[in-house]
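In what follows, a single structure is set out as structure tokens and then discussed.
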Amino acid sequence: MHVYRKGIFCLESEWFGLTSSISVRHALEFLRSSDYRIPFVHRDVATAAEISHYLRKWMLGAHHGYSILWLAIHTRRGLLLPGDVRRHEERMDIDALESRLAGQCRGRVVHFGGCRTVALPPRRIRQFLRVTRAVAVSGFREEVDWTESTLFEMSYFVALQHHPLTMPGIREVRSHMRRHHRQVADELGFVITTAR
């Protein structure tokens, strides 16, 4: 079994309040301790400024091996909501994210882990891909159950380890997810979008 090892750079917001211990960090630790040995960087974010700060770090050459960006953040369609949703300055829409990542995502995948983030017209996602030069954008078009979606994402990240981050490689990953996880993928509205 050939593995194209790719690290995961994960930015996570608080999911269910201060007393909750729910975090995707546990999933990341499982993936790192598995036979795939997937490295990761995990940072908590609560503001748009914190997202921007860590995205700048992700784009540095030192983090080139972390080619999967996992935005495990509360969302609405095309909108990241890392903290107080009542404060407009703490939101980050897809336009702002696109601007921050412009030209910096060659050979990388951007995965949105929140509900309905990618429930956008395909042409808008393809514009994001063109501007950022990402190989693919993935995420959910539906409201999702946290546990079910996180388990599904773990399977997806493992599938990404088996293929290079090229157009043919991503097509193989998409085919794999449809063959082996079709029912759950359909329920979650999971999509992988490429520039062509």
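Chain labels follow the order of the structure tokens: the first chain is A, the next B, and so on; residue numbering restarts at 1 in every chain, and ligands are counted from 1 in their shown order.
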
List as CSV every residue of segment 76-120 of chain A that is in contact with segment 132-146 of chain A, defined as an atom at most 10 Å from one of its atoms (using only C-alpha atoms), together with the nearest atom pair and the distance in Å rounded to one decimal, sorted by chain and then rising number.
residue,atom,partner,partner_atom,distance
A:Arg76,CA,A:Glu143,CA,9.4
A:Arg77,CA,A:Arg141,CA,8.2
A:Leu97,CA,A:Thr132,CA,9.4
A:Glu98,CA,A:Thr132,CA,6.3
A:Ser99,CA,A:Thr132,CA,8.0
A:Arg100,CA,A:Thr132,CA,8.6
A:Leu101,CA,A:Thr132,CA,5.4
A:Ala102,CA,A:Thr132,CA,4.2
A:Gly103,CA,A:Thr132,CA,4.5
A:Gln104,CA,A:Thr132,CA,5.8
A:Cys105,CA,A:Ala134,CA,4.5
A:Arg106,CA,A:Arg133,CA,4.9
A:Gly107,CA,A:Val135,CA,5.7
A:Arg108,CA,A:Ala134,CA,5.2
A:Val109,CA,A:Ala136,CA,5.0
A:Val110,CA,A:Val137,CA,4.9
A:His111,CA,A:Ser138,CA,4.7
A:Phe112,CA,A:Gly139,CA,4.7
A:Gly113,CA,A:Gly139,CA,6.0
A:Gly114,CA,A:Phe140,CA,7.1
A:Cys115,CA,A:Glu143,CA,4.7
A:Arg116,CA,A:Arg141,CA,4.2
A:Thr117,CA,A:Phe140,CA,6.4
A:Val118,CA,A:Arg141,CA,5.4
A:Ala119,CA,A:Arg141,CA,4.5
A:Leu120,CA,A:Arg141,CA,8.1

Could you please write out, as a VMD selection string, every residue of segment 55-178 of chain A that DSSP assigns to alpha helix (DSSP H)?
chain A and resid 55 to 58 94 to 101 122 to 132 146 to 161 167 to 178

Nearest residue to Arg174 of chain A from the set A:Ser67, A:Ser149, A:Thr194, A:Ser13 (distances using only C-alpha atoms):
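The shortest atom-to-atom distance to Arg174 of chain A comes from A:Thr194.
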
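Proximity to Val3 of chain A was assessed for A:Leu129, A:Ile38, A:Leu18, A:Ile192 counting only C-alpha atoms; the smallest distance is recorded for A:Ile38.
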